[in-house]
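Novice: Structure file upload.cif (mmCIF, C-alpha atoms) is given on the next line.
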```cif
data_data
loop_
_atom_site.label_atom_id
_atom_site.label_comp_id
_atom_site.auth_asym_id
_atom_site.auth_seq_id
_atom_site.Cartn_x
_atom_site.Cartn_y
_atom_site.Cartn_z
CA MET A 922 -43.89 16.32 -39.96
CA ARG A 923 -42.57 19.84 -39.74
CA GLY A 924 -41.62 21.12 -43.19
CA TYR A 925 -39.73 23.98 -44.74
CA THR A 926 -41.54 27.18 -45.66
CA PHE A 927 -41.58 27.11 -49.43
CA PRO A 928 -42.39 30.14 -51.59
CA VAL A 929 -45.59 29.95 -53.60
CA PRO A 930 -44.69 28.60 -57.06
CA ARG A 931 -44.24 31.22 -59.75
CA LYS A 932 -45.97 29.01 -62.26
CA LEU A 933 -47.63 25.63 -61.94
CA ILE A 934 -48.27 23.49 -64.98
CA LYS A 935 -50.11 20.23 -65.27
CA VAL A 936 -48.13 17.28 -66.56
CA SER A 937 -49.13 17.08 -70.21
CA GLY A 938 -49.79 13.97 -72.25
CA LEU A 939 -46.61 14.65 -74.23
CA PHE A 940 -44.61 14.92 -71.02
CA LEU A 941 -46.08 11.68 -69.66
CA ALA A 942 -45.22 9.97 -72.94
CA THR A 943 -41.65 11.20 -72.53
CA LEU A 944 -41.56 9.81 -68.99
CA ALA A 945 -42.84 6.47 -70.25
CA LEU A 946 -39.83 6.19 -72.53
CA CYS A 947 -37.66 6.15 -69.42
CA GLY A 948 -39.38 3.27 -67.65
CA THR A 949 -41.67 3.72 -64.66
CA ASN A 950 -42.77 7.26 -63.87
CA ALA A 951 -41.42 6.91 -60.35
CA PHE A 952 -37.82 6.97 -61.53
CA ALA A 953 -38.27 9.34 -64.47
CA HIS A 954 -37.85 12.50 -62.43
CA ASP A 955 -34.07 12.59 -63.00
CA PHE A 956 -33.42 15.56 -65.25
CA TRP A 957 -30.18 17.06 -66.53
CA ILE A 958 -28.71 19.18 -69.31
CA LEU A 959 -25.95 17.79 -71.47
CA PRO A 960 -23.67 20.15 -73.43
CA HIS A 961 -21.89 19.49 -76.72
CA ASP A 962 -18.99 19.98 -75.97
CA ALA A 963 -18.21 20.43 -72.26
CA MET A 964 -14.53 21.00 -73.15
CA SER A 965 -14.72 23.94 -75.56
CA LYS A 966 -12.66 26.67 -77.15
CA ASN A 967 -13.35 30.34 -76.70
CA GLY A 968 -15.87 31.44 -79.29
CA ASP A 969 -17.29 27.95 -79.85
CA LYS A 970 -21.02 27.42 -80.13
CA VAL A 971 -22.21 24.98 -77.47
CA ILE A 972 -25.57 23.26 -77.83
CA PHE A 973 -27.53 21.54 -75.06
CA GLU A 974 -29.65 18.41 -74.85
CA LEU A 975 -32.20 17.72 -72.14
CA ARG A 976 -32.11 14.23 -70.65
CA ILE A 977 -34.78 12.57 -68.49
CA GLY A 978 -34.61 9.12 -66.97
CA PRO A 979 -33.75 6.86 -64.09
CA GLY A 980 -30.08 7.71 -64.61
CA VAL A 981 -27.43 7.88 -67.32
CA PRO A 982 -27.63 7.85 -70.27
CA GLY A 983 -31.32 8.82 -70.01
CA LYS A 984 -33.55 9.73 -72.91
CA GLN A 985 -33.29 12.91 -74.93
CA THR A 986 -36.46 14.98 -74.81
CA PRO A 987 -37.48 18.21 -76.58
CA ARG A 988 -37.98 21.60 -74.99
CA LEU A 989 -41.65 21.42 -74.03
CA PRO A 990 -43.86 24.52 -73.89
CA GLY A 991 -44.15 25.93 -70.37
CA LEU A 992 -41.33 23.77 -69.01
CA ILE A 993 -38.49 26.24 -68.53
CA ALA A 994 -38.60 29.08 -66.02
CA THR A 995 -34.99 30.30 -66.49
CA PHE A 996 -32.07 29.24 -68.70
CA ASP A 997 -28.90 31.28 -68.13
CA ALA A 998 -25.12 31.05 -68.25
CA GLN A 999 -22.57 32.63 -65.93
CA ASP A 1000 -18.92 33.27 -66.83
CA ALA A 1001 -16.19 35.77 -65.93
CA LEU A 1002 -17.99 38.46 -67.94
CA GLY A 1003 -21.28 38.00 -66.11
CA GLN A 1004 -24.62 36.48 -67.03
CA GLN A 1005 -26.14 35.81 -70.43
CA ASN A 1006 -29.33 34.09 -71.58
CA VAL A 1007 -29.15 30.68 -73.21
CA GLU A 1008 -31.17 31.01 -76.40
CA GLY A 1009 -33.63 28.35 -77.56
CA HIS A 1010 -37.20 27.70 -78.64
CA ASP A 1011 -39.98 25.31 -77.70
CA GLY A 1012 -40.27 22.04 -79.59
CA ALA A 1013 -36.58 21.76 -80.46
CA LEU A 1014 -34.38 18.81 -79.50
CA VAL A 1015 -31.56 21.32 -79.09
CA ILE A 1016 -33.10 22.97 -76.04
CA GLY A 1017 -30.61 25.85 -76.02
CA HIS A 1018 -27.32 27.18 -77.33
CA LEU A 1019 -24.68 29.76 -76.50
CA LYS A 1020 -21.31 30.98 -77.70
CA THR A 1021 -18.45 30.83 -75.21
CA ARG A 1022 -16.86 34.21 -74.72
CA VAL A 1023 -14.06 33.93 -72.15
CA PRO A 1024 -11.59 31.25 -70.93
CA GLY A 1025 -12.47 29.44 -67.71
CA ALA A 1026 -15.73 27.94 -66.50
CA THR A 1027 -19.06 28.83 -68.05
CA ILE A 1028 -21.82 27.57 -65.76
CA THR A 1029 -25.23 27.08 -67.31
CA SER A 1030 -28.33 26.74 -65.17
CA LEU A 1031 -31.86 25.73 -66.09
CA THR A 1032 -34.83 25.89 -63.72
CA THR A 1033 -38.31 24.61 -64.43
CA ASN A 1034 -41.81 25.68 -63.59
CA GLY A 1035 -43.68 23.42 -61.21
CA ALA A 1036 -45.42 20.31 -62.50
CA LYS A 1037 -47.70 17.96 -60.63
CA ILE A 1038 -47.83 14.20 -60.96
CA THR A 1039 -49.64 11.40 -59.12
CA LEU A 1040 -47.83 8.10 -58.65
CA PRO A 1041 -49.27 4.79 -57.43
CA ALA A 1042 -48.36 3.99 -53.83
CA ASP A 1043 -45.86 1.23 -54.65
CA GLU A 1044 -44.02 3.32 -57.26
CA PHE A 1045 -43.95 6.36 -55.00
CA GLU A 1046 -42.59 4.38 -52.04
CA ASP A 1047 -39.93 2.73 -54.24
CA TYR A 1048 -38.82 6.06 -55.61
CA LEU A 1049 -38.58 7.61 -52.13
CA LYS A 1050 -36.34 4.76 -50.98
CA GLU A 1051 -34.21 4.92 -54.13
CA GLU A 1052 -33.57 8.64 -53.60
CA GLY A 1053 -32.84 8.31 -49.89
CA LEU A 1054 -36.00 10.16 -48.84
CA ASN A 1055 -36.61 7.99 -45.80
CA LYS A 1056 -38.06 10.95 -43.87
CA ILE A 1057 -40.99 10.97 -46.32
CA VAL A 1058 -41.41 7.18 -46.10
CA LYS A 1059 -41.54 7.57 -42.31
CA ALA A 1060 -43.98 10.50 -42.45
CA ARG A 1061 -46.34 8.61 -44.77
CA ALA A 1062 -46.24 5.58 -42.47
CA GLU A 1063 -46.93 7.71 -39.37
CA ASN A 1064 -49.90 9.30 -41.15
CA GLY A 1065 -51.25 5.95 -42.37
CA GLU A 1066 -50.59 6.95 -46.00
CA SER A 1067 -48.11 4.29 -47.11
CA ASP A 1068 -50.71 2.60 -49.31
CA GLN A 1069 -51.96 5.91 -50.77
CA PRO A 1070 -50.85 7.43 -54.10
CA GLY A 1071 -48.23 10.16 -53.91
CA VAL A 1072 -49.33 13.52 -55.31
CA GLU A 1073 -46.16 15.50 -55.93
CA LEU A 1074 -45.35 19.00 -57.09
CA PHE A 1075 -41.84 18.96 -58.51
CA TYR A 1076 -39.26 21.47 -59.70
CA ARG A 1077 -35.82 21.05 -61.25
CA CYS A 1078 -32.58 23.02 -60.92
CA ALA A 1079 -30.11 21.69 -63.49
CA LYS A 1080 -26.54 22.94 -63.92
CA SER A 1081 -23.79 22.15 -66.39
CA VAL A 1082 -20.16 23.29 -66.26
CA ILE A 1083 -18.35 24.01 -69.53
CA LEU A 1084 -14.57 24.41 -69.39
CA VAL A 1085 -13.26 26.86 -72.00
CA ASP A 1086 -9.70 26.77 -73.35
CA ASN A 1087 -8.75 24.04 -70.88
CA GLN A 1088 -9.19 26.43 -67.95
CA SER A 1089 -11.43 25.94 -64.93
CA LYS A 1090 -11.43 29.23 -63.03
CA GLY A 1091 -14.93 29.88 -61.68
CA TYR A 1092 -16.01 26.21 -61.65
CA ASP A 1093 -17.00 26.52 -57.96
CA ASN A 1094 -19.11 29.68 -58.23
CA VAL A 1095 -22.43 29.52 -56.36
CA LEU A 1096 -25.38 30.75 -58.43
CA GLY A 1097 -27.94 30.86 -55.61
CA LEU A 1098 -30.45 28.42 -57.08
CA GLU A 1099 -33.24 27.03 -54.91
CA HIS A 1100 -31.26 23.77 -54.86
CA GLU A 1101 -27.74 23.62 -56.24
CA LEU A 1102 -24.81 21.22 -56.48
CA VAL A 1103 -21.42 22.95 -56.47
CA PRO A 1104 -18.10 21.17 -57.19
CA LEU A 1105 -15.32 22.08 -54.75
CA THR A 1106 -12.58 20.04 -56.45
CA ASP A 1107 -10.94 21.46 -59.58
CA PRO A 1108 -12.21 19.18 -62.37
CA ILE A 1109 -9.15 19.69 -64.55
CA LYS A 1110 -6.63 18.95 -61.79
CA TYR A 1111 -8.54 15.94 -60.45
CA THR A 1112 -6.84 12.54 -60.38
CA PRO A 1113 -9.23 9.53 -60.59
CA GLY A 1114 -9.42 7.57 -57.36
CA LYS A 1115 -8.90 10.59 -55.12
CA PRO A 1116 -11.64 12.55 -53.30
CA PHE A 1117 -13.89 14.72 -55.45
CA VAL A 1118 -15.91 17.01 -53.19
CA VAL A 1119 -19.34 18.47 -53.94
CA ARG A 1120 -21.52 20.71 -51.77
CA LEU A 1121 -25.32 20.79 -51.83
CA PHE A 1122 -27.00 24.14 -51.25
CA ALA A 1123 -30.56 25.44 -50.85
CA ASN A 1124 -30.62 29.15 -51.70
CA SER A 1125 -26.87 29.32 -50.92
CA ARG A 1126 -27.27 27.55 -47.55
CA PRO A 1127 -25.73 24.07 -47.06
CA LEU A 1128 -28.16 21.14 -46.98
CA ALA A 1129 -27.36 18.29 -44.58
CA ARG A 1130 -28.42 14.62 -44.48
CA LEU A 1131 -29.46 14.27 -48.11
CA GLN A 1132 -28.35 11.68 -50.65
CA VAL A 1133 -26.20 12.73 -53.59
CA LYS A 1134 -25.57 10.39 -56.50
CA ALA A 1135 -22.59 10.46 -58.86
CA GLU A 1136 -23.11 8.69 -62.19
CA LEU A 1137 -21.06 8.00 -65.31
CA ASN A 1138 -22.30 6.56 -68.58
CA THR A 1139 -20.44 3.24 -68.59
CA THR A 1140 -21.63 -0.32 -69.26
CA PRO A 1141 -23.17 -1.01 -66.81
CA PRO A 1142 -23.61 2.57 -65.54
CA THR A 1143 -21.34 3.61 -62.69
CA ILE A 1144 -23.42 4.84 -59.72
CA LEU A 1145 -21.99 6.09 -56.42
CA ARG A 1146 -23.98 7.40 -53.44
CA ALA A 1147 -23.11 9.51 -50.41
CA ILE A 1148 -24.96 11.49 -47.72
CA THR A 1149 -24.21 15.17 -47.12
CA ASP A 1150 -22.67 16.10 -43.78
CA LYS A 1151 -23.71 19.06 -41.61
CA ASN A 1152 -21.93 21.40 -44.02
CA GLY A 1153 -23.67 19.97 -47.08
CA LEU A 1154 -20.50 18.19 -48.23
CA VAL A 1155 -20.07 14.81 -49.93
CA SER A 1156 -16.91 13.20 -51.23
CA PHE A 1157 -16.59 10.62 -53.99
CA ASN A 1158 -13.56 8.66 -55.14
CA LEU A 1159 -14.42 8.84 -58.83
CA PRO A 1160 -12.84 5.82 -60.53
CA MET A 1161 -12.30 7.34 -63.97
CA LYS A 1162 -12.46 10.51 -66.01
CA GLY A 1163 -15.51 11.50 -67.98
CA GLU A 1164 -18.60 13.70 -67.95
CA TRP A 1165 -20.07 12.95 -64.54
CA LEU A 1166 -23.66 13.55 -63.47
CA PHE A 1167 -24.33 14.48 -59.84
CA SER A 1168 -27.90 14.63 -58.59
CA SER A 1169 -29.94 15.03 -55.42
CA VAL A 1170 -33.55 15.59 -54.38
CA ASP A 1171 -35.23 16.97 -51.29
CA MET A 1172 -38.92 16.75 -50.46
CA ASP A 1173 -41.28 18.21 -47.89
CA VAL A 1174 -44.95 18.99 -47.49
CA SER A 1175 -46.48 20.95 -50.36
CA PRO A 1176 -47.24 24.62 -49.75
CA VAL A 1177 -50.17 24.60 -52.19
CA ASP A 1178 -53.47 22.79 -52.34
CA GLY A 1179 -53.81 19.85 -54.70
CA ALA A 1180 -50.44 18.26 -53.91
CA ASP A 1181 -49.19 16.37 -50.85
CA TRP A 1182 -45.48 16.94 -51.38
CA LYS A 1183 -43.08 19.36 -53.02
CA SER A 1184 -39.75 18.14 -54.37
CA ILE A 1185 -36.75 20.07 -55.63
CA TRP A 1186 -34.32 18.20 -57.88
CA ALA A 1187 -30.75 19.38 -58.37
CA SER A 1188 -28.39 18.07 -61.03
CA LEU A 1189 -24.88 18.91 -62.19
CA THR A 1190 -22.94 17.70 -65.21
CA ILE A 1191 -19.22 18.41 -65.33
CA PRO A 1192 -16.22 17.06 -67.31
CA VAL A 1193 -13.84 15.56 -64.74
CA ALA A 1194 -10.12 15.00 -65.42
CA GLU A 1195 -10.65 15.51 -69.14
CA GLY A 1196 -8.27 18.45 -69.48
CA ASN A 1197 -4.55 18.84 -68.97
CA ALA A 1198 -3.74 21.01 -65.97
CA GLY A 1199 -0.12 21.20 -67.04
#
```
What do you get writing this file as structure tokens?
Specialist:
Amino acid sequence: MRGYTFPVPRKLIKVSGLFLATLALCGTNAFAHDFWILPHDAMSKNGDKVIFELRIGPGVPGKQTPRLPGLIATFDAQDALGQQNVEGHDGALVIGHLKTRVPGATITSLTTNGAKITLPADEFEDYLKEEGLNKIVKARAENGESDQPGVELFYRCAKSVILVDNQSKGYDNVLGLEHELVPLTDPIKYTPGKPFVVRLFANSRPLARLQVKAELNTTPPTILRAITDKNGLVSFNLPMKGEWLFSSVDMDVSPVDGADWKSIWASLTIPVAEGNAG
């Protein structure tokens, strides 16, 4: 299979025992790659302190996990005044915090260093199918590897949109992450049941033919799926307001020895229809 040309990882860490224990809390390792940041509170006032949780799991609500040493490569926030660092320290359940400083959207982004994990063949195949990575299922079958463990090098690009003073200007800014989900529908003006459009980017270029999931923490969880078009666009008719999680993953051959595949996971949390546009 012909793959993308990936840059050599800035930092590669082995999956630690603590990290594997955290994954075990979420069920099988195959579906524990989902990774997102959850702010308190996504609808804030100017000058409020916002704290962030890290969630890992097969989907919402996930399990809260601490900020592990070596995990985070970058943790920043972008607003109308520019970029600021999100402060935090290793070992804390509050993985970061910031003070809002201007009305409109504050977009936080967290990227991780690379970590490697080996999954049994059945778990790896199940996870590929769950995430819509049929190209990898096909490639493994063509190479006679379907019954072989999957050795994966994975990275995460997590975003969270905070809306300050009930204003949303800047919600659709593109940060230029390696993989990035960008909302194109104003979250404050959105009416449940109508199209909510999201675009998937790789280094600011649209990504086509990849699955995007939209999830809401209901009982049972609400899960919607769509495939990006040639412009990287997906549209969901979200049935209700709330803090929605959007996620997607792409995978291709690993650029480094010791791993078969490299995956990039993108996630986005955003409060939808929770403000009052009027």
Novice: List every residue of range 1039-1132 of chain A that has an atom at most 12 Å from any atom of range 1001-1022 of chain A, giving for each one its closest atom pair and the distance in Å to one decimal, counting only C-alpha atoms, sorted by chain and then by ascending residue number, as JSON lines.
Specialist:
```
{"residue": "A:Val1082", "atom": "CA", "partner": "A:Thr1021", "partner_atom": "CA", "distance": 11.8}
{"residue": "A:Ile1083", "atom": "CA", "partner": "A:Thr1021", "partner_atom": "CA", "distance": 8.9}
{"residue": "A:Leu1084", "atom": "CA", "partner": "A:Thr1021", "partner_atom": "CA", "distance": 9.5}
{"residue": "A:Val1085", "atom": "CA", "partner": "A:Thr1021", "partner_atom": "CA", "distance": 7.3}
{"residue": "A:Asp1086", "atom": "CA", "partner": "A:Thr1021", "partner_atom": "CA", "distance": 9.8}
{"residue": "A:Gln1088", "atom": "CA", "partner": "A:Ala1001", "partner_atom": "CA", "distance": 11.8}
{"residue": "A:Ser1089", "atom": "CA", "partner": "A:Ala1001", "partner_atom": "CA", "distance": 11.0}
{"residue": "A:Lys1090", "atom": "CA", "partner": "A:Ala1001", "partner_atom": "CA", "distance": 8.6}
{"residue": "A:Gly1091", "atom": "CA", "partner": "A:Ala1001", "partner_atom": "CA", "distance": 7.4}
{"residue": "A:Tyr1092", "atom": "CA", "partner": "A:Ala1001", "partner_atom": "CA", "distance": 10.5}
{"residue": "A:Asn1094", "atom": "CA", "partner": "A:Ala1001", "partner_atom": "CA", "distance": 10.2}
{"residue": "A:Leu1096", "atom": "CA", "partner": "A:Gln1004", "partner_atom": "CA", "distance": 10.4}
```
Novice: Would you mind reading off the distance between CA of Lys984 in chain A and CA of Trp957 in chain A, one decimal, in Å?
Specialist: 10.3 Å
Novice: I want to know what sits within 6 Å of range 1026-1036 of chain A, based on all atoms listed in the file, with residues of the same chain fewer than 3 positions away left out; could you give that as JSON, numbers by chain?
Specialist: {"A": [932, 933, 934, 935, 936, 992, 993, 994, 995, 996, 997, 998, 999, 1000, 1074, 1075, 1076, 1077, 1078, 1079, 1080, 1081, 1082, 1083, 1084, 1089, 1090, 1091, 1092]}
Novice: Report, in Å with one decimal, the straight-line distance from CA of Val1177 in chain A to CA of Gly978 in chain A.
Specialist: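 Atom-to-atom, CA of Val1177 in chain A to CA of Gly978 in chain A, that is 26.5 Å.
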Novice: Would you please work out which residue, of A:Ala1147, A:Leu975, A:Ala1180, A:Ile1191, is nearest to Pro987 in chain A when using only C-alpha atoms?
Specialist: A:Leu975
Novice: Kindly provide the residues of range 1050-1117 of chain A that approach range 1135-1146 of chain A to within 12 Å, each paired with its closest atom pair and their distance in Å to one decimal, based on only C-alpha atoms, listed by chain and increasing number, as JSON lines.
Specialist:
```
{"residue": "A:Glu1051", "atom": "CA", "partner": "A:Arg1146", "partner_atom": "CA", "distance": 10.5}
{"residue": "A:Glu1052", "atom": "CA", "partner": "A:Arg1146", "partner_atom": "CA", "distance": 9.7}
{"residue": "A:Gly1053", "atom": "CA", "partner": "A:Arg1146", "partner_atom": "CA", "distance": 9.6}
{"residue": "A:Leu1102", "atom": "CA", "partner": "A:Ala1135", "partner_atom": "CA", "distance": 11.2}
{"residue": "A:Pro1104", "atom": "CA", "partner": "A:Ala1135", "partner_atom": "CA", "distance": 11.7}
{"residue": "A:Phe1117", "atom": "CA", "partner": "A:Ala1135", "partner_atom": "CA", "distance": 10.3}
```
Novice: So, counting only C-alpha atoms, which residue among A:Thr1149, A:Lys970, A:Trp1165, A:Asp1181 is closest to Gln1069 in chain A?
Specialist: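 Among the listed residues, A:Asp1181 lies closest to Gln1069 in chain A.
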Novice: Could you tell me how far CA of Gly983 in chain A lies from CA of Pro1070 in chain A, in Å and to one decimal?
Specialist: 25.2 Å
Novice: Pick from A:Trp1182, A:Lys1134, A:Ile977, A:Glu1099: nearest to Phe1045 in chain A, with all atoms listed in the file counted?
Specialist: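 Under the stated criterion, the closest residue is A:Trp1182.
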Novice: I need the residue nearest Phe956 in chain A from this list: A:Asn1087, A:Thr1112, A:Asn1055, A:Ser1169. Use all atoms listed in the file for the distance.
Specialist: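 Of all the options, A:Ser1169 lies closest to Phe956 in chain A.
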Novice: For Glu1073 in chain A, which residue out of A:Pro1108, A:Pro1116, A:Pro1041, A:Gly980 is the nearest one, using only C-alpha atoms?
Specialist: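 For Glu1073 in chain A, the nearest of the given residues is A:Pro1041.
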Novice: So which one's closest to Gly1196 in chain A, A:Phe1167, A:Tyr1048, A:Phe1157, A:Tyr1111? Using all atoms listed in the file, please.
Specialist: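 Looking at the shortest contact to Gly1196 in chain A, the residue is A:Tyr1111.
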Novice: For Gly1097 in chain A, work out the shell of residues within 10 Å, counting all atoms listed in the file and skipping chain neighbours fewer than 3 positions away, then give it as an mmCIF file with C-alpha atoms, in the coordinates of the input.
Specialist:
```cif
data_model
loop_
_atom_site.group_PDB
_atom_site.id
_atom_site.type_symbol
_atom_site.label_atom_id
_atom_site.label_comp_id
_atom_site.auth_asym_id
_atom_site.auth_seq_id
_atom_site.Cartn_x
_atom_site.Cartn_y
_atom_site.Cartn_z
ATOM 1 C CA ASN A 1094 -19.110 29.680 -58.230
ATOM 2 C CA HIS A 1100 -31.260 23.770 -54.860
ATOM 3 C CA GLU A 1101 -27.740 23.620 -56.240
ATOM 4 C CA PHE A 1122 -27.000 24.140 -51.250
ATOM 5 C CA ALA A 1123 -30.560 25.440 -50.850
ATOM 6 C CA ASN A 1124 -30.620 29.150 -51.700
ATOM 7 C CA SER A 1125 -26.870 29.320 -50.920
ATOM 8 C CA ARG A 1126 -27.270 27.550 -47.550
#
```
Novice: From (-13.2, 12.3, -68.5), in the file's coordinates, out to 6 Å: which residues are reached, counting only C-alpha atoms? Answer as a short mmCIF file (atom, residue, chain, number, x, y, z; two decimals) with C-alpha atoms, keeping the file's coordinate frame.
Specialist:
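The resulting result00.cif:
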```cif
data_model
loop_
_atom_site.label_atom_id
_atom_site.label_comp_id
_atom_site.auth_asym_id
_atom_site.auth_seq_id
_atom_site.Cartn_x
_atom_site.Cartn_y
_atom_site.Cartn_z
CA LYS A 1162 -12.46 10.51 -66.01
CA GLY A 1163 -15.51 11.50 -67.98
CA GLU A 1164 -18.60 13.70 -67.95
CA PRO A 1192 -16.22 17.06 -67.31
CA VAL A 1193 -13.84 15.56 -64.74
CA ALA A 1194 -10.12 15.00 -65.42
CA GLU A 1195 -10.65 15.51 -69.14
#
```
Novice: Translate the PyMOL selection byres ((chain A and resi 1154) around 12) into a concrete residue list for this structure, as a PyMOL selection string.
Specialist: chain A and resi 1102-1106+1116-1122+1126-1133+1147-1153+1155-1157
